[in-house]
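For reference, data_6.cif is printed below; it contains mmCIF, C-alpha atoms.
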```
data_structure
loop_
_atom_site.label_atom_id
_atom_site.label_comp_id
_atom_site.auth_asym_id
_atom_site.auth_seq_id
_atom_site.Cartn_x
_atom_site.Cartn_y
_atom_site.Cartn_z
CA MET A 1 75.73 79.01 95.22
CA ILE A 2 76.76 76.72 98.11
CA TRP A 3 80.40 76.21 97.10
CA PRO A 4 81.19 79.80 96.14
CA LEU A 5 79.68 81.03 99.42
CA SER A 6 81.58 78.37 101.33
CA ILE A 7 84.83 79.48 99.69
CA LEU A 8 84.18 83.18 100.46
CA LEU A 9 83.17 82.52 104.07
CA GLY A 10 85.94 79.94 104.50
CA CYS A 11 88.57 82.48 103.36
CA GLN A 12 87.11 85.05 105.75
CA LEU A 13 87.10 82.53 108.60
CA ALA A 14 90.70 81.53 107.93
CA GLY A 15 91.69 85.23 107.62
CA GLU A 16 89.94 86.06 110.90
CA ALA A 17 91.68 83.15 112.63
CA VAL A 18 95.11 84.16 111.31
CA SER A 19 94.52 87.82 112.25
CA ARG A 20 93.47 86.94 115.84
CA VAL A 21 96.00 84.20 116.54
CA LEU A 22 98.97 86.21 115.23
CA GLY A 23 97.59 89.48 116.67
CA LEU A 24 97.88 91.24 113.28
CA PRO A 25 96.54 94.79 112.86
CA VAL A 26 95.10 93.81 109.43
CA PRO A 27 91.34 93.00 109.47
CA GLY A 28 90.53 89.29 108.98
CA PRO A 29 88.54 89.75 105.73
CA VAL A 30 91.55 91.51 104.11
CA ILE A 31 93.73 88.48 104.87
CA GLY A 32 90.85 86.40 103.49
CA MET A 33 91.02 88.45 100.27
CA VAL A 34 94.75 87.72 99.89
CA LEU A 35 94.04 84.06 100.61
CA LEU A 36 91.39 83.90 97.88
CA LEU A 37 93.80 85.63 95.48
CA VAL A 38 96.38 82.90 96.19
CA LEU A 39 93.74 80.15 95.77
CA MET A 40 92.65 81.62 92.41
CA ALA A 41 96.23 81.82 91.18
CA GLY A 42 96.81 78.19 92.28
CA HIS A 43 93.69 76.46 90.92
CA ARG A 44 92.01 77.25 87.62
CA ARG A 45 88.64 75.96 88.92
CA VAL A 46 88.46 78.50 91.76
CA PRO A 47 87.98 81.71 89.69
CA GLU A 48 85.15 80.24 87.59
CA THR A 49 83.44 78.83 90.71
CA VAL A 50 83.60 82.03 92.75
CA ALA A 51 83.22 84.71 90.04
CA PRO A 52 79.40 84.66 89.50
CA THR A 53 78.61 84.88 93.23
CA ALA A 54 81.33 87.49 93.76
CA HIS A 55 79.83 89.61 90.98
CA VAL A 56 76.36 89.46 92.58
CA ILE A 57 77.76 90.56 95.95
CA LEU A 58 80.04 93.25 94.48
CA GLY A 59 77.27 94.47 92.15
CA ASN A 60 75.26 95.38 95.26
CA LEU A 61 78.26 96.40 97.35
CA SER A 62 76.87 99.88 98.08
CA LEU A 63 73.87 98.41 99.92
CA LEU A 64 76.19 96.83 102.47
CA PHE A 65 77.50 100.25 103.61
CA VAL A 66 74.04 101.48 104.63
CA PRO A 67 73.77 99.97 108.17
CA ALA A 68 77.20 101.36 109.15
CA GLY A 69 76.41 104.69 107.50
CA VAL A 70 73.20 105.04 109.51
CA GLY A 71 75.45 104.88 112.59
CA ILE A 72 76.00 108.57 111.95
CA VAL A 73 72.71 109.21 113.86
CA SER A 74 74.47 108.10 117.04
CA GLN A 75 77.37 110.49 116.26
CA LEU A 76 75.42 113.67 115.54
CA ASP A 77 77.01 115.48 118.51
CA LYS A 78 80.47 114.92 117.00
CA VAL A 79 79.30 115.96 113.54
CA ALA A 80 77.88 119.17 115.04
CA GLN A 81 81.13 119.82 116.90
CA TYR A 82 83.60 118.99 114.12
CA GLY A 83 81.49 119.22 110.97
CA PHE A 84 83.49 122.00 109.31
CA GLY A 85 86.87 120.42 110.10
CA LEU A 86 85.76 117.01 108.85
CA LEU A 87 84.39 118.43 105.60
CA ALA A 88 87.56 120.49 105.01
CA ALA A 89 89.70 117.41 105.69
CA LEU A 90 87.68 115.25 103.29
CA LEU A 91 87.65 117.83 100.49
CA GLY A 92 91.34 118.75 100.80
CA SER A 93 92.69 115.25 101.25
CA THR A 94 90.66 113.76 98.39
CA VAL A 95 91.83 116.41 95.90
CA LEU A 96 95.45 116.12 97.13
CA ALA A 97 95.41 112.28 97.00
CA LEU A 98 93.95 112.27 93.46
CA ALA A 99 96.51 114.83 92.20
CA ALA A 100 99.45 113.15 93.98
CA GLY A 101 98.48 109.69 92.68
CA VAL A 102 98.06 110.71 89.05
CA ALA A 103 101.21 112.89 89.06
CA THR A 104 103.29 110.07 90.56
CA PHE A 105 101.99 107.52 88.04
CA ARG A 106 102.77 109.80 85.08
CA GLY A 107 106.09 110.95 86.50
CA VAL A 108 107.40 107.43 87.04
CA ALA A 109 106.02 106.22 83.68
CA ARG A 110 107.83 109.11 81.93
CA VAL A 111 111.12 108.35 83.70
CA MET A 112 110.73 104.75 82.48
CA GLY A 113 110.52 105.97 78.89
CA ASP A 114 106.72 106.10 78.43
CA ARG A 115 105.82 108.99 76.09
CA ARG A 116 102.12 109.82 75.96
CA MET B 1 46.72 99.39 124.27
CA SER B 2 45.66 99.91 120.67
CA ASP B 3 46.24 97.28 118.02
CA PHE B 4 48.69 99.56 116.29
CA THR B 5 50.79 100.06 119.43
CA ARG B 6 50.85 96.30 120.00
CA LEU B 7 51.95 95.71 116.41
CA TRP B 8 54.65 98.39 116.71
CA ILE B 9 56.03 96.84 119.92
CA TYR B 10 56.07 93.42 118.24
CA LEU B 11 57.91 94.74 115.16
CA GLN B 12 60.44 96.67 117.26
CA GLN B 13 61.53 93.42 118.90
CA GLY B 14 62.42 91.51 115.75
CA PRO B 15 64.85 92.20 112.90
CA LEU B 16 62.19 92.10 110.15
CA LEU B 17 61.06 95.74 110.20
CA TRP B 18 64.44 97.49 110.00
CA LEU B 19 65.92 94.92 107.63
CA THR B 20 63.04 95.63 105.23
CA VAL B 21 63.40 99.38 105.72
CA THR B 22 67.12 99.14 104.90
CA LEU B 23 66.46 97.31 101.61
CA VAL B 24 63.57 99.58 100.58
CA ALA B 25 65.49 102.78 101.42
CA TYR B 26 68.44 101.60 99.33
CA GLY B 27 66.03 100.62 96.55
CA ILE B 28 64.64 104.16 96.53
CA GLY B 29 68.16 105.59 96.55
CA ASP B 30 69.18 103.41 93.62
CA PHE B 31 66.02 104.35 91.69
CA LEU B 32 66.76 108.06 92.14
CA PHE B 33 70.42 107.47 91.17
CA VAL B 34 69.39 105.85 87.88
CA ARG B 35 66.77 108.56 87.26
CA ALA B 36 69.46 111.25 87.78
CA ARG B 37 71.49 109.54 85.01
CA ARG B 38 73.97 108.20 87.59
CA SER B 39 75.12 111.61 88.71
CA PRO B 40 77.67 111.16 91.53
CA TRP B 41 75.74 113.78 93.54
CA VAL B 42 72.74 111.43 93.92
CA ASN B 43 74.57 108.65 95.75
CA PRO B 44 72.20 105.76 96.67
CA VAL B 45 73.99 105.10 99.97
CA LEU B 46 73.67 108.75 100.97
CA VAL B 47 69.97 108.78 100.06
CA ALA B 48 69.32 105.55 102.00
CA VAL B 49 71.24 106.76 105.06
CA LEU B 50 69.29 110.05 105.08
CA LEU B 51 65.90 108.30 104.68
CA ILE B 52 66.60 105.76 107.43
CA SER B 53 68.07 108.38 109.78
CA VAL B 54 64.94 110.49 109.41
CA ALA B 55 62.77 107.39 110.06
CA LEU B 56 64.78 106.52 113.19
CA VAL B 57 64.61 110.04 114.61
CA ALA B 58 60.89 110.37 113.73
CA THR B 59 59.97 107.08 115.46
CA GLY B 60 62.34 107.59 118.38
CA THR B 61 64.19 104.35 117.57
CA ASP B 62 67.78 104.03 118.76
CA TYR B 63 70.63 102.78 116.58
CA GLU B 64 71.01 99.52 118.53
CA THR B 65 67.40 98.54 117.78
CA TYR B 66 67.88 99.43 114.12
CA PHE B 67 71.11 97.45 113.93
CA GLN B 68 69.43 94.26 115.19
CA GLY B 69 67.71 94.16 111.82
CA ALA B 70 70.43 95.73 109.69
CA GLN B 71 73.19 93.45 111.01
CA PHE B 72 72.28 90.81 108.42
CA VAL B 73 73.18 93.22 105.64
CA HIS B 74 76.21 94.51 107.58
CA PHE B 75 77.56 90.97 108.02
CA LEU B 76 77.95 90.59 104.24
CA LEU B 77 80.73 93.22 104.26
CA GLY B 78 83.13 90.44 105.33
CA PRO B 79 82.52 88.06 102.40
CA ALA B 80 82.30 91.12 100.10
CA THR B 81 85.82 92.15 101.12
CA VAL B 82 87.06 88.63 100.33
CA ALA B 83 85.20 88.81 96.99
CA LEU B 84 87.24 91.90 96.00
CA ALA B 85 89.96 89.38 95.13
CA VAL B 86 87.94 88.37 92.02
CA PRO B 87 88.16 91.68 90.06
CA LEU B 88 91.72 92.10 91.35
CA PHE B 89 92.63 88.68 89.91
CA ALA B 90 90.87 89.44 86.61
CA ASN B 91 92.97 92.60 86.22
CA LEU B 92 96.32 91.04 87.11
CA ARG B 93 97.57 91.27 83.51
CA HIS B 94 97.12 95.08 83.65
CA LEU B 95 99.08 95.00 86.88
CA ARG B 96 102.13 93.56 85.12
CA SER B 97 101.95 96.11 82.29
CA ALA B 98 102.51 99.11 84.56
CA LEU B 99 103.85 97.64 87.76
CA VAL B 100 106.37 100.31 88.75
CA PRO B 101 104.27 103.45 88.11
CA MET B 102 101.34 101.77 89.88
CA THR B 103 103.34 100.79 92.94
CA ALA B 104 104.71 104.34 93.25
CA ALA B 105 101.28 105.94 92.73
CA LEU B 106 99.74 103.53 95.24
CA VAL B 107 102.19 104.34 98.03
CA VAL B 108 102.14 108.10 97.38
CA GLY B 109 98.35 108.31 96.88
CA SER B 110 97.58 106.22 99.95
CA LEU B 111 99.98 108.11 102.24
CA VAL B 112 98.88 111.55 100.97
CA ALA B 113 95.22 110.59 101.55
CA MET B 114 95.85 109.47 105.14
CA LEU B 115 98.31 112.19 106.20
CA SER B 116 96.53 115.13 104.55
CA ALA B 117 93.14 114.08 105.97
CA VAL B 118 94.53 113.93 109.50
CA GLY B 119 96.67 117.06 108.96
CA ILE B 120 93.87 119.25 107.62
CA GLY B 121 91.47 117.88 110.24
CA TRP B 122 93.97 118.70 113.00
CA LEU B 123 94.50 122.23 111.65
CA CYS B 124 90.71 122.74 111.71
CA GLY B 125 90.55 121.72 115.36
CA VAL B 126 89.47 118.05 115.01
CA ARG B 127 90.92 115.99 117.86
CA GLY B 128 90.84 112.60 119.54
CA GLU B 129 89.05 109.52 118.23
CA VAL B 130 87.21 111.67 115.67
CA LEU B 131 90.58 112.56 114.09
CA VAL B 132 91.63 108.88 114.16
CA SER B 133 88.39 108.01 112.37
CA LEU B 134 89.55 110.09 109.36
CA LEU B 135 92.69 108.04 108.76
CA PRO B 136 91.32 105.08 106.70
CA LYS B 137 88.70 107.09 104.78
CA SER B 138 90.14 106.51 101.28
CA ALA B 139 89.97 102.70 101.61
CA THR B 140 86.85 100.81 100.58
CA SER B 141 84.24 100.67 103.39
CA PRO B 142 84.59 97.10 104.69
CA VAL B 143 88.33 97.59 105.08
CA ALA B 144 88.05 101.15 106.42
CA LEU B 145 85.54 100.02 109.08
CA GLY B 146 87.78 97.16 110.19
CA VAL B 147 90.82 99.46 110.28
CA ALA B 148 88.92 102.16 112.23
CA GLU B 149 88.01 99.58 114.84
CA THR B 150 91.60 98.32 115.06
CA ILE B 151 93.20 101.77 115.49
CA GLY B 152 90.67 103.17 117.99
CA GLY B 153 88.48 105.29 115.72
CA ILE B 154 84.68 105.32 115.56
CA PRO B 155 83.56 102.91 112.78
CA ALA B 156 80.17 104.63 112.36
CA LEU B 157 81.90 107.96 111.76
CA THR B 158 84.47 106.38 109.41
CA ALA B 159 81.62 104.83 107.38
CA ALA B 160 80.15 108.27 106.74
CA MET B 161 83.62 109.74 105.95
CA VAL B 162 84.30 106.95 103.44
CA ILE B 163 81.04 107.55 101.58
CA LEU B 164 81.58 111.33 101.48
CA THR B 165 85.17 110.81 100.24
CA GLY B 166 83.85 108.66 97.41
CA ILE B 167 81.24 111.25 96.42
CA ILE B 168 83.76 114.14 96.55
CA GLY B 169 86.23 112.10 94.49
CA ALA B 170 83.62 111.13 91.88
CA VAL B 171 82.52 114.75 91.51
CA VAL B 172 85.96 116.44 91.29
CA VAL B 173 88.00 113.79 89.46
CA THR B 174 87.17 114.59 85.83
CA PRO B 175 87.50 118.40 86.05
CA LEU B 176 90.67 118.04 88.18
CA PHE B 177 92.48 115.65 85.82
CA ASN B 178 91.39 117.64 82.76
CA ALA B 179 92.79 120.78 84.37
CA MET B 180 96.05 118.91 85.10
CA GLY B 181 96.21 117.89 81.44
CA VAL B 182 96.54 114.14 82.14
CA SER B 183 95.38 112.04 79.18
CA ASP B 184 96.68 108.63 80.34
CA TRP B 185 93.52 106.68 81.30
CA ARG B 186 95.58 104.15 83.27
CA ALA B 187 96.97 106.88 85.53
CA ARG B 188 93.61 108.65 85.86
CA GLY B 189 91.75 105.46 86.76
CA PHE B 190 94.37 104.12 89.13
CA ALA B 191 94.64 107.37 91.13
CA THR B 192 90.83 107.50 91.34
CA GLY B 193 90.59 103.96 92.75
CA VAL B 194 93.30 104.67 95.34
CA ALA B 195 91.79 107.98 96.52
CA ALA B 196 88.04 107.35 96.13
CA HIS B 197 87.51 103.54 96.33
CA GLY B 198 84.32 101.96 94.91
CA ILE B 199 82.33 105.15 94.30
CA GLY B 200 85.30 106.60 92.38
CA THR B 201 85.72 103.30 90.51
CA ALA B 202 82.06 103.33 89.46
CA ARG B 203 82.59 106.89 88.19
CA ALA B 204 85.75 105.85 86.31
CA PHE B 205 83.86 103.07 84.50
CA GLN B 206 81.31 105.68 83.32
CA VAL B 207 84.07 107.76 81.78
CA ASN B 208 86.39 105.13 80.27
CA ASP B 209 86.72 101.30 80.46
CA THR B 210 90.51 101.30 80.87
CA ALA B 211 90.18 103.90 83.61
CA GLY B 212 87.57 101.69 85.29
CA ALA B 213 89.75 98.57 85.22
CA PHE B 214 92.72 100.46 86.67
CA ALA B 215 90.47 102.11 89.27
CA GLY B 216 89.40 98.63 90.40
CA ILE B 217 93.03 97.61 90.85
CA GLY B 218 93.78 100.86 92.70
CA MET B 219 90.87 100.30 95.06
CA GLY B 220 91.86 96.70 95.79
CA LEU B 221 95.53 97.50 96.35
CA ASN B 222 94.77 100.51 98.55
CA ALA B 223 92.44 98.36 100.65
CA LEU B 224 95.45 96.13 101.31
CA LEU B 225 97.93 98.96 101.82
CA THR B 226 95.64 100.96 104.13
CA ALA B 227 95.07 97.86 106.25
CA LEU B 228 98.85 97.44 106.50
CA LEU B 229 99.91 101.11 106.87
CA ALA B 230 97.10 102.72 108.89
CA PRO B 231 97.93 100.94 112.18
CA ALA B 232 101.59 101.99 111.83
CA VAL B 233 100.68 105.59 110.89
CA ALA B 234 98.17 105.74 113.77
CA HIS B 235 100.85 104.42 116.14
CA LEU B 236 103.27 107.14 115.01
CA LEU B 237 100.77 110.03 115.08
CA PHE B 238 98.53 109.32 118.05
#
```
Would it be possible to restate this file's structure as structure tokens?
Amino acid sequence: MIWPLSILLGCQLAGEAVSRVLGLPVPGPVIGMVLLLVLMAGHRRVPETVAPTAHVILGNLSLLFVPAGVGIVSQLDKVAQYGFGLLAALLGSTVLALAAGVATFRGVARVMGDRR
Amino acid sequence: MSDFTRLWIYLQQGPLLWLTVTLVAYGIGDFLFVRARRSPWVNPVLVAVLLISVALVATGTDYETYFQGAQFVHFLLGPATVALAVPLFANLRHLRSALVPMTAALVVGSLVAMLSAVGIGWLCGVRGEVLVSLLPKSATSPVALGVAETIGGIPALTAAMVILTGIIGAVVVTPLFNAMGVSDWRARGFATGVAAHGIGTARAFQVNDTAGAFAGIGMGLNALLTALLAPAVAHLLF
């Protein structure tokens, strides 16, 4: 428990430091994710150390969105003002992104000789 | 002052009350989700957010007071984002098997999600920081929140947009892809992960294991790509 958490927090800390010092637009934890990916590729011990703790955190990932989601109560004026536009944007863009993604994947796979 | 009032004032000052409420509300949401046979309509996050919002409004508690307790849960989003590297690493062998179609679908799916959300929002009269908040909505929450903050959106609004995107994606994906006649589970899963992050990925795993694995890769890669592209797109558009 101690080492896996230290590795996760250490990667985040390093990512945060890199993001701030270099003034990158990428959030620190995302750089931390890339860093952990590199560590796992480099040392065989790292994946087996981190995996159980990572699975516990990711298994309850949805819970972590709740505090930010509740922030909607402080934005109710904006929801009232733009509610229809926001809903239309979410519906339309999600359907378009799904269709575009799957069509691109299949199109490119077919060009590369994949027949299924 | 009554004993109850004194107790209430004491509880309002510490993090204990709202931290407990956050866990219990999510527990109720998860219970209902399982009872509804994991229907994407009964999303545990949505249930928890509704329950807590009602509790806050009913007790006249402001969001800042609530967040003093909830921040301990919120903090874990950082390490959770780092932890996304673990499933990504476990699926690397899939990555090699379909590298080119995946890269193309990632770039197209990610850009279409961002540009169409902002475009449709703009056409419907959405403006300003609210419009900016729509940009990262297809990325997984911890990344989308960080990106929203970086590009001048409202993280609280983005959080709600991300969850709704996931629910919409999970509900429409199977009928949509069946109607399109796509039978390649790799393509179906990957596009789902890119467009509808973790909630879509959970849905993909319910339908097909291969689809689930590819959805996980799609989610992880789009988290990276959105973090890289959204600031540039925001700079160009706004």
Problem set entry | Contact residues (chain A, partner chain B, 7 Å, all atoms listed in the file) as a PyMOL selection string | chain A and resi 8-9+12+25-27+29-30+32-34+36-37+51+54+57-58+62-75+82+85-86+88-91+93-94+96-98+100-102+104-106+108-109
Pairwise distance, CA of Gly181 in chain B with CA of Pro136 in chain B, equals 28.7 Å
CA of Phe214 in chain B to CA of Leu92 in chain B measures 10.1 Å
How many Å lie between CA of Val79 in chain A and CA of Ala204 in chain B, rounded to one decimal?
->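 Between CA of Val79 in chain A and CA of Ala204 in chain B the gap is 29.8 Å.
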Produce range 15-87 of chain A of the given structure as output with C-alpha atoms, as a PDB file, in the first residue's frame.
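Writing the result to part-v9.pdb gives the following:
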```pdb
ATOM      1  CA  GLY A  15       4.316  15.714 -13.481  1.00  0.00           C
ATOM      2  CA  GLU A  16       3.016  18.781 -11.635  1.00  0.00           C
ATOM      3  CA  ALA A  17       6.563  20.122 -11.255  1.00  0.00           C
ATOM      4  CA  VAL A  18       7.380  19.572 -14.946  1.00  0.00           C
ATOM      5  CA  SER A  19       4.064  21.157 -16.015  1.00  0.00           C
ATOM      6  CA  ARG A  20       4.608  24.279 -13.850  1.00  0.00           C
ATOM      7  CA  VAL A  21       8.326  24.769 -14.463  1.00  0.00           C
ATOM      8  CA  LEU A  22       8.047  24.380 -18.254  1.00  0.00           C
ATOM      9  CA  GLY A  23       4.703  26.241 -18.352  1.00  0.00           C
ATOM     10  CA  LEU A  24       3.026  23.375 -20.267  1.00  0.00           C
ATOM     11  CA  PRO A  25      -0.726  23.500 -20.977  1.00  0.00           C
ATOM     12  CA  VAL A  26      -0.982  19.765 -20.112  1.00  0.00           C
ATOM     13  CA  PRO A  27      -2.263  19.057 -16.545  1.00  0.00           C
ATOM     14  CA  GLY A  28       0.403  17.689 -14.176  1.00  0.00           C
ATOM     15  CA  PRO A  29      -1.353  14.344 -13.500  1.00  0.00           C
ATOM     16  CA  VAL A  30      -1.422  13.601 -17.273  1.00  0.00           C
ATOM     17  CA  ILE A  31       2.356  14.046 -17.433  1.00  0.00           C
ATOM     18  CA  GLY A  32       2.475  11.838 -14.324  1.00  0.00           C
ATOM     19  CA  MET A  33       0.501   9.182 -16.242  1.00  0.00           C
ATOM     20  CA  VAL A  34       3.033   9.234 -19.104  1.00  0.00           C
ATOM     21  CA  LEU A  35       5.839   9.053 -16.546  1.00  0.00           C
ATOM     22  CA  LEU A  36       4.316   5.975 -14.898  1.00  0.00           C
ATOM     23  CA  LEU A  37       3.873   4.385 -18.339  1.00  0.00           C
ATOM     24  CA  VAL A  38       7.607   4.901 -18.992  1.00  0.00           C
ATOM     25  CA  LEU A  39       8.504   3.519 -15.535  1.00  0.00           C
ATOM     26  CA  MET A  40       6.356   0.413 -16.134  1.00  0.00           C
ATOM     27  CA  ALA A  41       7.939  -0.185 -19.524  1.00  0.00           C
ATOM     28  CA  GLY A  42      11.421   0.207 -17.980  1.00  0.00           C
ATOM     29  CA  HIS A  43      11.124  -1.943 -14.839  1.00  0.00           C
ATOM     30  CA  ARG A  44       9.249  -5.225 -14.594  1.00  0.00           C
ATOM     31  CA  ARG A  45       8.709  -4.745 -10.835  1.00  0.00           C
ATOM     32  CA  VAL A  46       6.745  -1.505 -11.249  1.00  0.00           C
ATOM     33  CA  PRO A  47       3.573  -2.913 -12.916  1.00  0.00           C
ATOM     34  CA  GLU A  48       3.126  -5.673 -10.321  1.00  0.00           C
ATOM     35  CA  THR A  49       3.737  -3.222  -7.455  1.00  0.00           C
ATOM     36  CA  VAL A  50       1.313  -0.561  -8.671  1.00  0.00           C
ATOM     37  CA  ALA A  51      -1.422  -2.674 -10.304  1.00  0.00           C
ATOM     38  CA  PRO A  52      -3.431  -3.793  -7.208  1.00  0.00           C
ATOM     39  CA  THR A  53      -3.658  -0.262  -5.759  1.00  0.00           C
ATOM     40  CA  ALA A  54      -4.396   1.206  -9.196  1.00  0.00           C
ATOM     41  CA  HIS A  55      -7.250  -1.268  -9.643  1.00  0.00           C
ATOM     42  CA  VAL A  56      -8.781  -0.286  -6.280  1.00  0.00           C
ATOM     43  CA  ILE A  57      -8.645   3.416  -7.191  1.00  0.00           C
ATOM     44  CA  LEU A  58      -9.879   2.903 -10.766  1.00  0.00           C
ATOM     45  CA  GLY A  59     -12.588   0.480  -9.592  1.00  0.00           C
ATOM     46  CA  ASN A  60     -14.099   3.370  -7.615  1.00  0.00           C
ATOM     47  CA  LEU A  61     -13.182   6.057 -10.135  1.00  0.00           C
ATOM     48  CA  SER A  62     -16.786   7.277 -10.501  1.00  0.00           C
ATOM     49  CA  LEU A  63     -16.933   8.288  -6.824  1.00  0.00           C
ATOM     50  CA  LEU A  64     -14.119  10.781  -7.388  1.00  0.00           C
ATOM     51  CA  PHE A  65     -16.215  12.795  -9.887  1.00  0.00           C
ATOM     52  CA  VAL A  66     -18.967  13.503  -7.344  1.00  0.00           C
ATOM     53  CA  PRO A  67     -17.474  16.569  -5.540  1.00  0.00           C
ATOM     54  CA  ALA A  68     -16.764  18.329  -8.858  1.00  0.00           C
ATOM     55  CA  GLY A  69     -20.165  17.307 -10.222  1.00  0.00           C
ATOM     56  CA  VAL A  70     -21.938  18.825  -7.223  1.00  0.00           C
ATOM     57  CA  GLY A  71     -20.314  22.113  -8.303  1.00  0.00           C
ATOM     58  CA  ILE A  72     -23.224  22.347 -10.720  1.00  0.00           C
ATOM     59  CA  VAL A  73     -25.286  23.823  -7.819  1.00  0.00           C
ATOM     60  CA  SER A  74     -23.115  26.935  -7.992  1.00  0.00           C
ATOM     61  CA  GLN A  75     -23.699  27.119 -11.783  1.00  0.00           C
ATOM     62  CA  LEU A  76     -27.482  26.787 -11.884  1.00  0.00           C
ATOM     63  CA  ASP A  77     -27.882  30.282 -13.393  1.00  0.00           C
ATOM     64  CA  LYS A  78     -25.754  29.233 -16.381  1.00  0.00           C
ATOM     65  CA  VAL A  79     -27.592  25.924 -16.732  1.00  0.00           C
ATOM     66  CA  ALA A  80     -30.901  27.822 -16.759  1.00  0.00           C
ATOM     67  CA  GLN A  81     -29.567  30.259 -19.354  1.00  0.00           C
ATOM     68  CA  TYR A  82     -27.848  27.775 -21.686  1.00  0.00           C
ATOM     69  CA  GLY A  83     -29.465  24.454 -20.773  1.00  0.00           C
ATOM     70  CA  PHE A  84     -30.934  23.737 -24.213  1.00  0.00           C
ATOM     71  CA  GLY A  85     -27.752  24.690 -26.085  1.00  0.00           C
ATOM     72  CA  LEU A  86     -25.574  22.599 -23.777  1.00  0.00           C
ATOM     73  CA  LEU A  87     -27.814  19.549 -24.104  1.00  0.00           C
TER      74      LEU A  87
END
```
